[in-house]
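K.L.:
Input structure: work_4.pdb, which contains PDB, C-alpha atoms.
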MODEL        1
ATOM      1  CA  MET A   1       0.000   0.000   0.000  1.00  0.00           C
ATOM      2  CA  ALA A   2       1.508   3.326  -1.040  1.00  0.00           C
ATOM      3  CA  GLY A   3       0.464   6.427   0.908  1.00  0.00           C
ATOM      4  CA  TYR A   4       1.082   4.991   4.373  1.00  0.00           C
ATOM      5  CA  GLY A   5       3.487   6.300   6.999  1.00  0.00           C
ATOM      6  CA  ASN A   6       5.652   9.426   6.971  1.00  0.00           C
ATOM      7  CA  ASN A   7       7.916   8.641   4.010  1.00  0.00           C
ATOM      8  CA  TYR A   8       6.118   7.132   1.014  1.00  0.00           C
ATOM      9  CA  PRO A   9       6.300   7.579  -2.782  1.00  0.00           C
ATOM     10  CA  GLN A  10       4.318  10.638  -3.827  1.00  0.00           C
ATOM     11  CA  GLN A  11       4.521  10.216  -7.592  1.00  0.00           C
ATOM     12  CA  VAL A  12       3.610   6.591  -8.304  1.00  0.00           C
ATOM     13  CA  HIS A  13       2.887   5.542 -11.895  1.00  0.00           C
ATOM     14  CA  HIS A  14      -0.558   4.196 -11.073  1.00  0.00           C
ATOM     15  CA  ARG A  15      -3.731   5.414 -12.777  1.00  0.00           C
ATOM     16  CA  ALA A  16      -5.815   5.681  -9.629  1.00  0.00           C
ATOM     17  CA  SER A  17      -3.119   7.757  -7.966  1.00  0.00           C
ATOM     18  CA  SER A  18      -1.623   9.707 -10.876  1.00  0.00           C
ATOM     19  CA  ILE A  19      -4.878  11.044 -12.361  1.00  0.00           C
ATOM     20  CA  VAL A  20      -7.149  13.610 -10.756  1.00  0.00           C
ATOM     21  CA  SER A  21     -10.320  12.305  -9.113  1.00  0.00           C
ATOM     22  CA  PHE A  22     -13.395  11.742 -11.306  1.00  0.00           C
ATOM     23  CA  LYS A  23     -15.316  14.045  -8.920  1.00  0.00           C
ATOM     24  CA  ASP A  24     -12.973  16.920  -9.768  1.00  0.00           C
ATOM     25  CA  ASN A  25     -12.676  16.222 -13.508  1.00  0.00           C
ATOM     26  CA  PRO A  26     -15.179  13.727 -15.050  1.00  0.00           C
ATOM     27  CA  SER A  27     -13.627  13.853 -18.548  1.00  0.00           C
ATOM     28  CA  PHE A  28     -12.156  10.652 -20.066  1.00  0.00           C
ATOM     29  CA  VAL A  29      -8.379  10.198 -19.668  1.00  0.00           C
ATOM     30  CA  SER A  30      -6.639   7.648 -21.903  1.00  0.00           C
ATOM     31  CA  CYS A  31      -3.718   5.577 -20.675  1.00  0.00           C
ATOM     32  CA  ARG A  32      -1.199   7.611 -22.691  1.00  0.00           C
ATOM     33  CA  GLY A  33      -2.909  10.834 -21.760  1.00  0.00           C
ATOM     34  CA  GLY A  34      -2.775   9.945 -18.082  1.00  0.00           C
ATOM     35  CA  TYR A  35       0.939   9.274 -18.340  1.00  0.00           C
ATOM     36  CA  ALA A  36       1.774  12.331 -20.456  1.00  0.00           C
ATOM     37  CA  THR A  37      -0.494  14.835 -18.695  1.00  0.00           C
ATOM     38  CA  TRP A  38      -0.722  13.683 -15.094  1.00  0.00           C
ATOM     39  CA  PHE A  39       2.240  11.468 -14.256  1.00  0.00           C
ATOM     40  CA  SER A  40       4.844  13.593 -16.079  1.00  0.00           C
ATOM     41  CA  ARG A  41       3.927  16.802 -14.270  1.00  0.00           C
ATOM     42  CA  LYS A  42       6.247  18.079 -11.537  1.00  0.00           C
ATOM     43  CA  ALA A  43       3.739  18.019  -8.644  1.00  0.00           C
ATOM     44  CA  SER A  44       2.964  14.974  -6.531  1.00  0.00           C
ATOM     45  CA  ASP A  45       0.031  12.722  -7.379  1.00  0.00           C
ATOM     46  CA  PRO A  46      -3.429  14.223  -6.787  1.00  0.00           C
ATOM     47  CA  ASN A  47      -4.545  11.007  -5.022  1.00  0.00           C
ATOM     48  CA  LEU A  48      -2.170   9.753  -2.365  1.00  0.00           C
ATOM     49  CA  LEU A  49      -3.709   6.407  -1.408  1.00  0.00           C
ATOM     50  CA  THR A  50      -2.919   3.675  -3.922  1.00  0.00           C
ATOM     51  CA  GLU A  51      -3.054  -0.090  -3.889  1.00  0.00           C
ATOM     52  CA  PRO A  52      -0.761  -1.421  -6.646  1.00  0.00           C
ATOM     53  CA  ALA A  53      -1.717  -4.886  -7.876  1.00  0.00           C
ATOM     54  CA  THR A  54       0.178  -7.724  -6.211  1.00  0.00           C
ATOM     55  CA  TYR A  55       0.578  -9.672  -9.461  1.00  0.00           C
ATOM     56  CA  ASN A  56       2.921  -6.922 -10.688  1.00  0.00           C
ATOM     57  CA  ASN A  57       5.141  -7.235  -7.625  1.00  0.00           C
ATOM     58  CA  ALA A  58       5.036 -10.982  -6.960  1.00  0.00           C
ATOM     59  CA  PRO A  59       7.541 -12.089  -9.668  1.00  0.00           C
ATOM     60  CA  LEU A  60      10.102  -9.525  -8.528  1.00  0.00           C
ATOM     61  CA  LEU A  61       9.626 -10.473  -4.897  1.00  0.00           C
ATOM     62  CA  GLY A  62      10.111 -14.155  -5.744  1.00  0.00           C
ATOM     63  CA  ILE A  63      13.347 -13.452  -7.619  1.00  0.00           C
ATOM     64  CA  LEU A  64      14.691 -11.248  -4.831  1.00  0.00           C
ATOM     65  CA  ALA A  65      13.823 -13.909  -2.239  1.00  0.00           C
ATOM     66  CA  ARG A  66      15.714 -16.559  -4.249  1.00  0.00           C
ATOM     67  CA  LEU A  67      18.741 -14.278  -4.651  1.00  0.00           C
ATOM     68  CA  HIS A  68      18.674 -13.549  -0.926  1.00  0.00           C
ATOM     69  CA  GLY A  69      18.876 -17.321  -0.324  1.00  0.00           C
ATOM     70  CA  GLY A  70      22.376 -17.278  -1.822  1.00  0.00           C
ATOM     71  CA  HIS A  71      24.239 -19.738  -4.005  1.00  0.00           C
ATOM     72  CA  SER A  72      24.053 -22.563  -1.486  1.00  0.00           C
ATOM     73  CA  GLY A  73      20.403 -22.020  -0.653  1.00  0.00           C
ATOM     74  CA  TYR A  74      19.276 -25.346  -2.112  1.00  0.00           C
ATOM     75  CA  ASN A  75      19.582 -27.026   1.286  1.00  0.00           C
ATOM     76  CA  GLN A  76      16.702 -24.871   2.519  1.00  0.00           C
ATOM     77  CA  LEU A  77      14.426 -27.200   0.555  1.00  0.00           C
ATOM     78  CA  LEU A  78      14.974 -30.065   2.979  1.00  0.00           C
ATOM     79  CA  PRO A  79      13.420 -32.075   4.472  1.00  0.00           C
ATOM     80  CA  VAL A  80      12.797 -33.886   1.222  1.00  0.00           C
ATOM     81  CA  THR A  81      11.416 -37.367   0.821  1.00  0.00           C
ATOM     82  CA  PHE A  82      14.130 -39.278  -0.991  1.00  0.00           C
ATOM     83  CA  PRO A  83      13.435 -42.357  -3.089  1.00  0.00           C
ATOM     84  CA  ALA A  84      14.874 -45.556  -1.689  1.00  0.00           C
ATOM     85  CA  PRO A  85      18.195 -46.304  -3.439  1.00  0.00           C
ATOM     86  CA  LYS A  86      18.395 -49.395  -5.615  1.00  0.00           C
ATOM     87  CA  THR A  87      21.868 -50.048  -4.263  1.00  0.00           C
ATOM     88  CA  GLN A  88      23.380 -49.070  -0.946  1.00  0.00           C
ATOM     89  CA  PRO A  89      24.968 -45.575  -1.126  1.00  0.00           C
ATOM     90  CA  LYS A  90      28.672 -45.249  -0.371  1.00  0.00           C
ATOM     91  CA  ALA A  91      29.403 -43.907   3.097  1.00  0.00           C
ATOM     92  CA  ALA A  92      32.053 -41.283   2.352  1.00  0.00           C
ATOM     93  CA  PRO A  93      31.666 -38.532  -0.261  1.00  0.00           C
ATOM     94  CA  VAL A  94      34.357 -37.513  -2.709  1.00  0.00           C
ATOM     95  CA  THR A  95      35.671 -34.070  -1.804  1.00  0.00           C
ATOM     96  CA  GLY A  96      37.143 -31.413  -4.060  1.00  0.00           C
ATOM     97  CA  THR A  97      36.761 -31.324  -7.825  1.00  0.00           C
ATOM     98  CA  THR A  98      36.412 -34.435  -9.918  1.00  0.00           C
ATOM     99  CA  PRO A  99      37.530 -34.108 -13.543  1.00  0.00           C
ATOM    100  CA  SER A 100      35.333 -35.031 -16.448  1.00  0.00           C
ATOM    101  CA  GLN A 101      34.528 -38.666 -17.097  1.00  0.00           C
ATOM    102  CA  VAL A 102      34.988 -37.749 -20.752  1.00  0.00           C
ATOM    103  CA  SER A 103      38.516 -37.799 -22.200  1.00  0.00           C
ATOM    104  CA  SER A 104      40.494 -34.550 -22.075  1.00  0.00           C
ATOM    105  CA  SER A 105      40.295 -34.161 -25.871  1.00  0.00           C
ATOM    106  CA  ALA A 106      36.486 -34.405 -25.837  1.00  0.00           C
ATOM    107  CA  PRO A 107      34.449 -31.285 -26.691  1.00  0.00           C
ATOM    108  CA  ILE A 108      32.481 -31.513 -23.420  1.00  0.00           C
ATOM    109  CA  ALA A 109      34.031 -31.267 -19.950  1.00  0.00           C
ATOM    110  CA  ILE A 110      32.199 -32.308 -16.782  1.00  0.00           C
ATOM    111  CA  GLU A 111      33.415 -31.258 -13.332  1.00  0.00           C
ATOM    112  CA  GLN A 112      31.749 -32.053 -10.032  1.00  0.00           C
ATOM    113  CA  LYS A 113      32.377 -30.748  -6.536  1.00  0.00           C
ATOM    114  CA  MET A 114      30.699 -30.988  -3.172  1.00  0.00           C
ATOM    115  CA  THR A 115      29.715 -27.448  -2.109  1.00  0.00           C
ATOM    116  CA  SER A 116      28.045 -28.030   1.256  1.00  0.00           C
ATOM    117  CA  SER A 117      26.870 -30.654   3.704  1.00  0.00           C
ATOM    118  CA  TRP A 118      24.523 -30.745   6.696  1.00  0.00           C
ATOM    119  CA  ASP A 119      22.959 -33.223   9.092  1.00  0.00           C
ATOM    120  CA  TYR A 120      19.239 -33.865   9.239  1.00  0.00           C
ATOM    121  CA  ASN A 121      17.543 -36.569  11.343  1.00  0.00           C
ATOM    122  CA  GLY A 122      20.848 -38.328  11.970  1.00  0.00           C
ATOM    123  CA  LYS A 123      21.787 -38.428   8.267  1.00  0.00           C
ATOM    124  CA  THR A 124      24.392 -36.338   6.443  1.00  0.00           C
ATOM    125  CA  TYR A 125      23.301 -34.757   3.164  1.00  0.00           C
ATOM    126  CA  TYR A 126      25.635 -33.343   0.512  1.00  0.00           C
ATOM    127  CA  ARG A 127      25.047 -30.705  -2.135  1.00  0.00           C
ATOM    128  CA  TYR A 128      26.988 -31.372  -5.332  1.00  0.00           C
ATOM    129  CA  SER A 129      27.542 -28.804  -8.055  1.00  0.00           C
ATOM    130  CA  THR A 130      28.193 -30.140 -11.559  1.00  0.00           C
ATOM    131  CA  THR A 131      29.471 -27.947 -14.379  1.00  0.00           C
ATOM    132  CA  VAL A 132      29.154 -28.989 -18.024  1.00  0.00           C
ATOM    133  CA  THR A 133      31.446 -26.917 -20.279  1.00  0.00           C
ATOM    134  CA  ASN A 134      31.410 -26.734 -24.072  1.00  0.00           C
ATOM    135  CA  LYS A 135      35.130 -26.844 -24.966  1.00  0.00           C
ATOM    136  CA  SER A 136      34.374 -26.994 -28.677  1.00  0.00           C
ATOM    137  CA  PRO A 137      34.527 -23.948 -31.009  1.00  0.00           C
ATOM    138  CA  LYS A 138      30.967 -24.821 -32.113  1.00  0.00           C
ATOM    139  CA  THR A 139      27.572 -24.494 -30.403  1.00  0.00           C
ATOM    140  CA  LEU A 140      26.508 -27.528 -28.368  1.00  0.00           C
ATOM    141  CA  LYS A 141      22.931 -28.678 -29.013  1.00  0.00           C
ATOM    142  CA  PHE A 142      20.761 -31.658 -28.093  1.00  0.00           C
ATOM    143  CA  LEU A 143      22.909 -32.641 -25.113  1.00  0.00           C
ATOM    144  CA  THR A 144      21.751 -35.801 -23.331  1.00  0.00           C
ATOM    145  CA  LEU A 145      23.310 -36.808 -20.019  1.00  0.00           C
ATOM    146  CA  SER A 146      23.111 -40.155 -18.283  1.00  0.00           C
ATOM    147  CA  ILE A 147      23.205 -39.832 -14.488  1.00  0.00           C
ATOM    148  CA  SER A 148      23.501 -42.946 -12.355  1.00  0.00           C
ATOM    149  CA  LYS A 149      23.883 -43.390  -8.580  1.00  0.00           C
ATOM    150  CA  LEU A 150      21.592 -40.394  -8.004  1.00  0.00           C
ATOM    151  CA  TYR A 151      19.531 -40.845  -4.822  1.00  0.00           C
ATOM    152  CA  GLY A 152      17.972 -37.409  -4.343  1.00  0.00           C
ATOM    153  CA  PRO A 153      16.536 -34.321  -6.073  1.00  0.00           C
ATOM    154  CA  LEU A 154      18.288 -32.537  -8.953  1.00  0.00           C
ATOM    155  CA  TRP A 155      17.901 -28.913 -10.157  1.00  0.00           C
ATOM    156  CA  GLY A 156      19.012 -27.296 -13.412  1.00  0.00           C
ATOM    157  CA  LEU A 157      18.255 -30.061 -15.949  1.00  0.00           C
ATOM    158  CA  THR A 158      15.068 -31.532 -17.417  1.00  0.00           C
ATOM    159  CA  LYS A 159      14.414 -35.253 -17.044  1.00  0.00           C
ATOM    160  CA  SER A 160      13.662 -36.991 -20.328  1.00  0.00           C
ATOM    161  CA  GLY A 161      12.969 -40.696 -19.859  1.00  0.00           C
ATOM    162  CA  ASP A 162      16.011 -42.203 -18.130  1.00  0.00           C
ATOM    163  CA  SER A 163      18.260 -39.297 -19.217  1.00  0.00           C
ATOM    164  CA  TYR A 164      18.602 -35.562 -18.606  1.00  0.00           C
ATOM    165  CA  VAL A 165      18.609 -32.748 -21.176  1.00  0.00           C
ATOM    166  CA  PHE A 166      18.974 -28.958 -21.192  1.00  0.00           C
ATOM    167  CA  PRO A 167      16.482 -27.130 -18.972  1.00  0.00           C
ATOM    168  CA  ALA A 168      13.429 -25.666 -20.733  1.00  0.00           C
ATOM    169  CA  TRP A 169      14.923 -22.154 -20.799  1.00  0.00           C
ATOM    170  CA  LEU A 170      18.106 -23.276 -22.605  1.00  0.00           C
ATOM    171  CA  ASN A 171      18.322 -24.964 -26.007  1.00  0.00           C
ATOM    172  CA  SER A 172      22.056 -24.688 -26.728  1.00  0.00           C
ATOM    173  CA  LEU A 173      25.413 -23.952 -25.127  1.00  0.00           C
ATOM    174  CA  PRO A 174      27.713 -21.615 -27.106  1.00  0.00           C
ATOM    175  CA  ALA A 175      31.437 -22.311 -27.420  1.00  0.00           C
ATOM    176  CA  GLY A 176      33.308 -21.881 -24.141  1.00  0.00           C
ATOM    177  CA  GLN A 177      30.107 -21.545 -22.078  1.00  0.00           C
ATOM    178  CA  SER A 178      29.111 -23.667 -19.090  1.00  0.00           C
ATOM    179  CA  LEU A 179      25.912 -24.959 -17.540  1.00  0.00           C
ATOM    180  CA  GLU A 180      25.667 -25.745 -13.828  1.00  0.00           C
ATOM    181  CA  PHE A 181      23.218 -28.134 -12.205  1.00  0.00           C
ATOM    182  CA  VAL A 182      23.051 -29.292  -8.618  1.00  0.00           C
ATOM    183  CA  TYR A 183      21.743 -32.297  -6.739  1.00  0.00           C
ATOM    184  CA  ILE A 184      21.424 -33.355  -3.124  1.00  0.00           C
ATOM    185  CA  HIS A 185      21.714 -36.801  -1.647  1.00  0.00           C
ATOM    186  CA  SER A 186      23.355 -38.660   1.219  1.00  0.00           C
ATOM    187  CA  ALA A 187      25.957 -40.543  -0.810  1.00  0.00           C
ATOM    188  CA  SER A 188      29.088 -40.046  -2.877  1.00  0.00           C
ATOM    189  CA  GLN A 189      28.716 -38.030  -6.059  1.00  0.00           C
ATOM    190  CA  ALA A 190      26.623 -39.454  -8.874  1.00  0.00           C
ATOM    191  CA  ASP A 191      28.134 -40.698 -12.137  1.00  0.00           C
ATOM    192  CA  VAL A 192      27.476 -38.142 -14.879  1.00  0.00           C
ATOM    193  CA  LEU A 193      28.182 -39.245 -18.454  1.00  0.00           C
ATOM    194  CA  VAL A 194      27.492 -37.701 -21.870  1.00  0.00           C
ATOM    195  CA  SER A 195      25.102 -39.943 -23.818  1.00  0.00           C
ATOM    196  CA  SER A 196      24.722 -37.863 -26.978  1.00  0.00           C
ATOM    197  CA  TYR A 197      25.113 -34.345 -28.349  1.00  0.00           C
ATOM    198  CA  ASN A 198      25.274 -32.319 -31.567  1.00  0.00           C
ATOM    199  CA  LEU A 199      27.777 -29.600 -32.495  1.00  0.00           C
ATOM    200  CA  ALA A 200      26.572 -26.987 -34.982  1.00  0.00           C
TER     201      ALA A 200
ENDMDL
END
Kindly transcribe the structure held in the file into structure tokens.

P.N.:
Amino acid sequence: MAGYGNNYPQQVHHRASSIVSFKDNPSFVSCRGGYATWFSRKASDPNLLTEPATYNNAPLLGILARLHGGHSGYNQLLPVTFPAPKTQPKAAPVTGTTPSQVSSSAPIAIEQKMTSSWDYNGKTYYRYSTTVTNKSPKTLKFLTLSISKLYGPLWGLTKSGDSYVFPAWLNSLPAGQSLEFVYIHSASQADVLVSSYNLA
């Protein structure tokens, strides 16, 4: 709500606030006319009480809340119900950075590292960050990754059958660019392998 307290915006771009009251001037005011005539003037708004629509502010508030959570904020999503592993997870995680499972001359590099850990209900959970880098001079398209030994949730990729592909907002990876995805589970890092890709 604008118009509350001692220090509030007095020139809000909002039709109900920016334009003179219908009681004072019953003539029609178009959207452009309201902006050009009323909002652009030097004086404060003729109507001080305004209630901007929440749908305009909600997306920005959501983004700011996520940014405030920080880079390692994924652990705030726990507790999570994890699927039962098909095989018993290894007890000790791999620390540091693990080089790509692809050969060094390959056009795609994969690096994994554990970025945080925490205890919950007597169990230790690990957050792993995985970076996929296009080392080729061409654009990487139609990347398909095979991820095994994954026992928890994953963010940053789209599941497609038994594989993972680019997220919906990304359809290619230019030369030299990287994509990061993260996952959380209570075991050593998952095995991430390149199943298929196209260079254009």

K.L.:
Could you please determine the separation between CA of Asn198 (chain A) and CA of Gly161 (chain A) in Å, to one decimal place?

P.N.:
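A separation of 18.9 Å between them.
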
K.L.:
Applying the PyMOL selection byres ((chain A and resi 107) around 7) to the file I just gave you, which residues come out? Please list them as a compact mmCIF listing (two decimals) with C-alpha atoms, in the frame of the given file.

P.N.:
# COMPACT_ATOMS: atom_id res chain seq x y z
CA SER A 105 40.30 -34.16 -25.87
CA ALA A 106 36.49 -34.40 -25.84
CA ILE A 108 32.48 -31.51 -23.42
CA ALA A 109 34.03 -31.27 -19.95
CA ASN A 134 31.41 -26.73 -24.07
CA LYS A 135 35.13 -26.84 -24.97
CA SER A 136 34.37 -26.99 -28.68

K.L.:
In Å, how far is it from CA of Lys113 (chain A) to CA of Leu157 (chain A)?

P.N.:
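CA of Leu157 (chain A) lies 17.0 Å from CA of Lys113 (chain A).
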
K.L.:
Report the distance between CA of Thr131 (chain A) and CA of Asn171 (chain A) in Å, rounded to one decimal place.

P.N.:
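Taking CA of Thr131 (chain A) as the start and CA of Asn171 (chain A) as the end point, the length is 16.4 Å.
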
K.L.:
I'd like the contact shell of Ser195 (chain A) - 12 Å cut-off, only C-alpha atoms, skipping same-chain residues fewer than 3 positions apart - returned as a list of chain:residue names.

P.N.:
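Near neighbours after the sequence-gap exclusion: A:Gln101, A:Val102, A:Ile108, A:Phe142, A:Leu143, A:Thr144, A:Leu145, A:Ser146, A:Ile147, A:Ser148, A:Asp162, A:Ser163, A:Tyr164, A:Val165, A:Val192, A:Asn198.
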
K.L.:
Give me the result of the PyMOL selection byres ((chain A and resi 130) around 12) on this file, residue by residue, as number ranges by chain.

P.N.:
A: 96-101, 109-115, 127-129, 131-133, 145, 147, 154-157, 178-184, 189-193

K.L.:
Include C-alpha atoms and write out the residues we just selected as a PDB file, in the frame of the given file.

P.N.:
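Below you can see part_4.pdb, which holds the result:
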ATOM      1  CA  GLY A  96      37.143 -31.413  -4.060  1.00  0.00           C
ATOM      2  CA  THR A  97      36.761 -31.324  -7.825  1.00  0.00           C
ATOM      3  CA  THR A  98      36.412 -34.435  -9.918  1.00  0.00           C
ATOM      4  CA  PRO A  99      37.530 -34.108 -13.543  1.00  0.00           C
ATOM      5  CA  SER A 100      35.333 -35.031 -16.448  1.00  0.00           C
ATOM      6  CA  GLN A 101      34.528 -38.666 -17.097  1.00  0.00           C
ATOM      7  CA  ALA A 109      34.031 -31.267 -19.950  1.00  0.00           C
ATOM      8  CA  ILE A 110      32.199 -32.308 -16.782  1.00  0.00           C
ATOM      9  CA  GLU A 111      33.415 -31.258 -13.332  1.00  0.00           C
ATOM     10  CA  GLN A 112      31.749 -32.053 -10.032  1.00  0.00           C
ATOM     11  CA  LYS A 113      32.377 -30.748  -6.536  1.00  0.00           C
ATOM     12  CA  MET A 114      30.699 -30.988  -3.172  1.00  0.00           C
ATOM     13  CA  THR A 115      29.715 -27.448  -2.109  1.00  0.00           C
ATOM     14  CA  ARG A 127      25.047 -30.705  -2.135  1.00  0.00           C
ATOM     15  CA  TYR A 128      26.988 -31.372  -5.332  1.00  0.00           C
ATOM     16  CA  SER A 129      27.542 -28.804  -8.055  1.00  0.00           C
ATOM     17  CA  THR A 131      29.471 -27.947 -14.379  1.00  0.00           C
ATOM     18  CA  VAL A 132      29.154 -28.989 -18.024  1.00  0.00           C
ATOM     19  CA  THR A 133      31.446 -26.917 -20.279  1.00  0.00           C
ATOM     20  CA  LEU A 145      23.310 -36.808 -20.019  1.00  0.00           C
ATOM     21  CA  ILE A 147      23.205 -39.832 -14.488  1.00  0.00           C
ATOM     22  CA  LEU A 154      18.288 -32.537  -8.953  1.00  0.00           C
ATOM     23  CA  TRP A 155      17.901 -28.913 -10.157  1.00  0.00           C
ATOM     24  CA  GLY A 156      19.012 -27.296 -13.412  1.00  0.00           C
ATOM     25  CA  LEU A 157      18.255 -30.061 -15.949  1.00  0.00           C
ATOM     26  CA  SER A 178      29.111 -23.667 -19.090  1.00  0.00           C
ATOM     27  CA  LEU A 179      25.912 -24.959 -17.540  1.00  0.00           C
ATOM     28  CA  GLU A 180      25.667 -25.745 -13.828  1.00  0.00           C
ATOM     29  CA  PHE A 181      23.218 -28.134 -12.205  1.00  0.00           C
ATOM     30  CA  VAL A 182      23.051 -29.292  -8.618  1.00  0.00           C
ATOM     31  CA  TYR A 183      21.743 -32.297  -6.739  1.00  0.00           C
ATOM     32  CA  ILE A 184      21.424 -33.355  -3.124  1.00  0.00           C
ATOM     33  CA  GLN A 189      28.716 -38.030  -6.059  1.00  0.00           C
ATOM     34  CA  ALA A 190      26.623 -39.454  -8.874  1.00  0.00           C
ATOM     35  CA  ASP A 191      28.134 -40.698 -12.137  1.00  0.00           C
ATOM     36  CA  VAL A 192      27.476 -38.142 -14.879  1.00  0.00           C
ATOM     37  CA  LEU A 193      28.182 -39.245 -18.454  1.00  0.00           C
TER      38      LEU A 193
END

K.L.:
Need the shell around Pro174 (chain A): protein/DNA/RNA residues with any atom at most 8 Å away, counting all atoms listed in the file. Skip same-chain ones fewer than 2 positions apart. Format as an MDAnalysis selection string?

P.N.:
chainID A and resid 134 138:140 172 176:177

K.L.:
Could you take the residues named above and write them with C-alpha atoms, as an mmCIF file, in the coordinates of the input?

P.N.:
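Heads up, here's the output in result.cif:
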data_model
loop_
_atom_site.group_PDB
_atom_site.id
_atom_site.type_symbol
_atom_site.label_atom_id
_atom_site.label_comp_id
_atom_site.auth_asym_id
_atom_site.auth_seq_id
_atom_site.Cartn_x
_atom_site.Cartn_y
_atom_site.Cartn_z
ATOM 1 C CA ASN A 134 31.410 -26.734 -24.072
ATOM 2 C CA LYS A 138 30.967 -24.821 -32.113
ATOM 3 C CA THR A 139 27.572 -24.494 -30.403
ATOM 4 C CA LEU A 140 26.508 -27.528 -28.368
ATOM 5 C CA SER A 172 22.056 -24.688 -26.728
ATOM 6 C CA GLY A 176 33.308 -21.881 -24.141
ATOM 7 C CA GLN A 177 30.107 -21.545 -22.078
#

K.L.:
What box, with edges along x, y and z, holds each listed atom of region 124-135 of chain A when 8 Å is added on every side, and can you state its centre and edge lengths in Å to one decimal, as JSON?

P.N.:
{"center_x": 29.2, "center_y": -31.5, "center_z": -9.3, "size_x": 27.8, "size_y": 25.6, "size_z": 47.4}
